[in-house]
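A.B. asks: So that we are looking at the same thing, I have put the structure below in structure tokens.
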Amino acid sequence: MSSPSLVTRVVLLAGPSGSGKSSLAAAAGLPVLRLDDFYKEADDPTLPLVAGSADIDWDSPLSWDADTAVAAILDLCRSGRTDVPVYDLATSARVDHELLDIGRTPLFVAEGIFAAEIVARCADLGVLADALCLRGRPSTTFRRRLVRDLREGRKSVPFLLRRGWRLMRAERSIVARQTALGAHPCAKQEALGRLAAAAAGRHRAPAASH
């Protein structure tokens with residue numbers, strides 16, 4: 001059930017890695033919570049491995065701290081501020097923390113590859129305005145992701161190539177899973193339109209689960 005003290009709501013923006021979530025969130029002009037900062041650290045014993053490999057599977061929801069992410073979303077909805085980790089993808093570690101203050105805005109975006117994992121929880125808590133899954137052509141996503149990851153030095157080149165090839169082949173199933181979790185699949189222009197509608201209070205949020 002929702003609380004009468006919750007006046008701010010969240011749009012969850014999911015999608016495959018490299019689909020353009022960060023740039024879309026920035027273009028929307030709304031405050032943004034980066035859900036990728038809630039990754040577990042490299043020494044966490046619960047991190048999953050890619051099947052048949054020694055690589056950590058950073059694309060598994062098990063590599064992500066959903067409970068802390070949801071707590072941060074609730075803080076923002078209730079008080080307009082929360083303490084968030086600063087995560088360094090290259091070292092797979094939380095290197096700092098910072099205060100995110102969104103003021104009295106009625107809507108913000110929480111974006112990340114695991115955003116769809118918490119659609120039902122946010123709906124149950126009464127804070128969900130909308131949930132989107134940004135999608136495009138797998139080949140375009142592959143190129144965009146590789147250029148970004150190489151530029152930012154996120155991981156070693158062999159790791160990025162292995163991961164990129166694996167994700168390109170799995171992209172349609174990733175979108176299908178996120179859609180099944182409650183995120184509406186759409187391209188950039190439709191996503192921007194739904195964000196504008198949510199900001200204007202014209203879009204009905206997905207129903208809470210029972």
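Letters A, B, ... go to the chains of the structure tokens in the order shown; residues in each chain start at 1; ligands are counted from 1 in the same order.
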To test your reading of the structure, identify every residue in segment 117-188 of chain A that backbone DSSP assigns to strand (DSSP E), and report it as a ChimeraX atom specification.

C.D. replies: /A:128-134,184-186

A.B. asks: With DSSP run on the backbone, what are the helix (DSSP H, G or I) residues within segment 2-203 of chain A? I'd like them as a PDB file with C-alpha atoms, in the first residue's frame.

C.D. replies:
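This is the output file out.pdb:
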ATOM      1  CA  LYS A  21      19.502   4.526 -20.958  1.00  0.00           C
ATOM      2  CA  SER A  22      21.895   7.090 -19.469  1.00  0.00           C
ATOM      3  CA  SER A  23      21.681   9.478 -22.421  1.00  0.00           C
ATOM      4  CA  LEU A  24      17.887   9.161 -22.528  1.00  0.00           C
ATOM      5  CA  ALA A  25      17.601   9.847 -18.801  1.00  0.00           C
ATOM      6  CA  ALA A  26      19.776  12.938 -19.216  1.00  0.00           C
ATOM      7  CA  ALA A  27      17.680  14.131 -22.167  1.00  0.00           C
ATOM      8  CA  ALA A  28      14.490  13.848 -20.106  1.00  0.00           C
ATOM      9  CA  LEU A  35      21.184   2.017 -10.335  1.00  0.00           C
ATOM     10  CA  ASP A  36      24.501   0.636 -11.609  1.00  0.00           C
ATOM     11  CA  ASP A  37      26.122   2.205  -8.544  1.00  0.00           C
ATOM     12  CA  PHE A  38      24.445  -0.528  -6.496  1.00  0.00           C
ATOM     13  CA  PRO A  61      20.721  -9.679 -11.192  1.00  0.00           C
ATOM     14  CA  LEU A  62      22.591 -11.655  -8.522  1.00  0.00           C
ATOM     15  CA  SER A  63      25.528  -9.255  -9.012  1.00  0.00           C
ATOM     16  CA  ALA A  66      18.386  -4.709  -5.119  1.00  0.00           C
ATOM     17  CA  ASP A  67      17.480  -4.144  -1.458  1.00  0.00           C
ATOM     18  CA  THR A  68      19.778  -1.129  -1.089  1.00  0.00           C
ATOM     19  CA  ALA A  69      18.597   0.281  -4.425  1.00  0.00           C
ATOM     20  CA  VAL A  70      14.937   0.073  -3.382  1.00  0.00           C
ATOM     21  CA  ALA A  71      15.769   1.680  -0.024  1.00  0.00           C
ATOM     22  CA  ALA A  72      17.412   4.592  -1.863  1.00  0.00           C
ATOM     23  CA  ILE A  73      14.355   5.018  -4.089  1.00  0.00           C
ATOM     24  CA  LEU A  74      12.106   5.120  -1.028  1.00  0.00           C
ATOM     25  CA  ASP A  75      14.351   7.712   0.634  1.00  0.00           C
ATOM     26  CA  LEU A  76      14.086   9.933  -2.453  1.00  0.00           C
ATOM     27  CA  CYS A  77      10.304   9.545  -2.584  1.00  0.00           C
ATOM     28  CA  ARG A  78       9.884  10.347   1.112  1.00  0.00           C
ATOM     29  CA  SER A  79      12.481  13.037   1.737  1.00  0.00           C
ATOM     30  CA  ALA A 115      15.748  -1.641 -13.145  1.00  0.00           C
ATOM     31  CA  ALA A 116      13.072  -4.104 -14.269  1.00  0.00           C
ATOM     32  CA  GLU A 117      13.965  -6.405 -11.366  1.00  0.00           C
ATOM     33  CA  ILE A 118      12.316  -3.994  -8.925  1.00  0.00           C
ATOM     34  CA  VAL A 119       9.211  -2.993 -10.891  1.00  0.00           C
ATOM     35  CA  ALA A 120       6.886  -5.128  -8.764  1.00  0.00           C
ATOM     36  CA  ARG A 121       8.451  -3.948  -5.493  1.00  0.00           C
ATOM     37  CA  CYS A 122       8.120  -0.271  -6.425  1.00  0.00           C
ATOM     38  CA  ALA A 123       4.529  -0.816  -7.574  1.00  0.00           C
ATOM     39  CA  ASP A 124       3.672  -2.567  -4.300  1.00  0.00           C
ATOM     40  CA  PRO A 138      21.324  -5.726 -31.146  1.00  0.00           C
ATOM     41  CA  SER A 139      24.139  -4.825 -33.573  1.00  0.00           C
ATOM     42  CA  THR A 140      23.763  -1.119 -32.781  1.00  0.00           C
ATOM     43  CA  THR A 141      23.680  -1.828 -29.055  1.00  0.00           C
ATOM     44  CA  PHE A 142      26.832  -3.962 -29.400  1.00  0.00           C
ATOM     45  CA  ARG A 143      28.773  -1.160 -31.112  1.00  0.00           C
ATOM     46  CA  ARG A 144      27.566   1.527 -28.708  1.00  0.00           C
ATOM     47  CA  ARG A 145      28.380  -0.598 -25.661  1.00  0.00           C
ATOM     48  CA  LEU A 146      31.860  -1.563 -26.870  1.00  0.00           C
ATOM     49  CA  VAL A 147      32.856   2.005 -27.786  1.00  0.00           C
ATOM     50  CA  ARG A 148      31.657   3.272 -24.389  1.00  0.00           C
ATOM     51  CA  ASP A 149      33.313   0.506 -22.380  1.00  0.00           C
ATOM     52  CA  LEU A 150      36.634   0.881 -24.211  1.00  0.00           C
ATOM     53  CA  ARG A 151      36.561   4.663 -23.805  1.00  0.00           C
ATOM     54  CA  GLU A 152      35.876   4.387 -20.086  1.00  0.00           C
ATOM     55  CA  VAL A 157      39.518  -5.758 -23.887  1.00  0.00           C
ATOM     56  CA  PRO A 158      39.179  -9.587 -24.024  1.00  0.00           C
ATOM     57  CA  PHE A 159      36.536  -9.480 -21.291  1.00  0.00           C
ATOM     58  CA  LEU A 160      34.593  -6.729 -23.072  1.00  0.00           C
ATOM     59  CA  LEU A 161      34.633  -8.644 -26.360  1.00  0.00           C
ATOM     60  CA  ARG A 162      33.468 -11.879 -24.716  1.00  0.00           C
ATOM     61  CA  ARG A 163      30.738 -10.058 -22.834  1.00  0.00           C
ATOM     62  CA  GLY A 164      29.679  -8.005 -25.845  1.00  0.00           C
ATOM     63  CA  TRP A 165      29.289 -11.033 -28.096  1.00  0.00           C
ATOM     64  CA  ARG A 166      27.347 -12.899 -25.400  1.00  0.00           C
ATOM     65  CA  LEU A 167      25.009  -9.946 -24.804  1.00  0.00           C
ATOM     66  CA  MET A 168      24.375  -9.348 -28.504  1.00  0.00           C
ATOM     67  CA  ARG A 169      23.197 -12.929 -28.917  1.00  0.00           C
ATOM     68  CA  ALA A 170      21.052 -12.685 -25.767  1.00  0.00           C
ATOM     69  CA  GLU A 171      19.620  -9.191 -26.331  1.00  0.00           C
ATOM     70  CA  ARG A 172      16.154 -10.238 -27.486  1.00  0.00           C
ATOM     71  CA  SER A 173      15.763 -12.586 -24.523  1.00  0.00           C
ATOM     72  CA  ILE A 174      16.965  -9.807 -22.175  1.00  0.00           C
ATOM     73  CA  VAL A 175      14.256  -7.475 -23.501  1.00  0.00           C
ATOM     74  CA  ALA A 176      11.678 -10.267 -23.238  1.00  0.00           C
ATOM     75  CA  ARG A 177      12.598 -10.918 -19.597  1.00  0.00           C
ATOM     76  CA  GLN A 178      12.438  -7.233 -18.660  1.00  0.00           C
ATOM     77  CA  THR A 179       9.084  -6.925 -20.412  1.00  0.00           C
ATOM     78  CA  ALA A 180       7.767  -9.925 -18.469  1.00  0.00           C
ATOM     79  CA  LYS A 188      13.794   6.400 -27.582  1.00  0.00           C
ATOM     80  CA  GLN A 189      11.002   8.640 -28.875  1.00  0.00           C
ATOM     81  CA  GLU A 190       8.215   6.653 -27.250  1.00  0.00           C
ATOM     82  CA  ALA A 191      10.197   6.511 -24.006  1.00  0.00           C
ATOM     83  CA  LEU A 192      10.588  10.293 -24.006  1.00  0.00           C
ATOM     84  CA  GLY A 193       6.862  10.662 -24.603  1.00  0.00           C
ATOM     85  CA  ARG A 194       5.984   8.395 -21.692  1.00  0.00           C
ATOM     86  CA  LEU A 195       8.431  10.249 -19.445  1.00  0.00           C
ATOM     87  CA  ALA A 196       6.777  13.533 -20.375  1.00  0.00           C
ATOM     88  CA  ALA A 197       3.352  12.024 -19.685  1.00  0.00           C
ATOM     89  CA  ALA A 198       4.498  10.729 -16.295  1.00  0.00           C
ATOM     90  CA  ALA A 199       5.929  14.152 -15.428  1.00  0.00           C
TER      91      ALA A 199
END

A.B. asks: Can you measure atom CA of Leu12 of chain A to atom CA of Ile56 of chain A for me? One decimal in Å is fine.

C.D. replies: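 Between these atoms lies a distance of 25.2 Å.
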
A.B. asks: Tell me which of A:Gly15, A:Pro85, A:Gly153, A:Pro31 sits closest to Leu99 of chain A, counting only C-alpha atoms.

C.D. replies: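 Answer, going by the shortest atom-to-atom distance: A:Pro85.
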
A.B. asks: Measuring atom to atom with only C-alpha atoms, identify which of A:Leu125, A:Ala42, A:Leu132, A:Leu47 is nearest to Thr91 of chain A.

C.D. replies: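 Checking each of A:Leu125, A:Ala42, A:Leu132, A:Leu47 against Thr91 of chain A, counting only C-alpha atoms, the winner is A:Ala42.
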
A.B. asks: Which residue gives the smallest distance to Gly29 of chain A among A:Ala187, A:Cys133, A:Leu107, A:Val10, with only C-alpha atoms counted?

C.D. replies: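 Smallest distance to Gly29 of chain A is found for A:Leu107.
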
A.B. asks: Between A:Thr8, A:Ala90, A:Pro45, A:Val32, which is the closest to Ser156 of chain A once you count only C-alpha atoms?

C.D. replies: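 Checking each of A:Thr8, A:Ala90, A:Pro45, A:Val32 against Ser156 of chain A, counting only C-alpha atoms, the winner is A:Ala90.
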
A.B. asks: Could you tell me how far atom CA of Val7 of chain A sits from atom CA of Phe114 of chain A, in Å to one decimal place?

C.D. replies: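 Atom CA of Val7 of chain A lies 24.3 Å from atom CA of Phe114 of chain A.
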
A.B. asks: Could you please determine the separation between atom CA of Ala183 of chain A and atom CA of Val84 of chain A in Å, to one decimal place?

C.D. replies: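 Between atom CA of Ala183 of chain A and atom CA of Val84 of chain A the gap is 23.8 Å.
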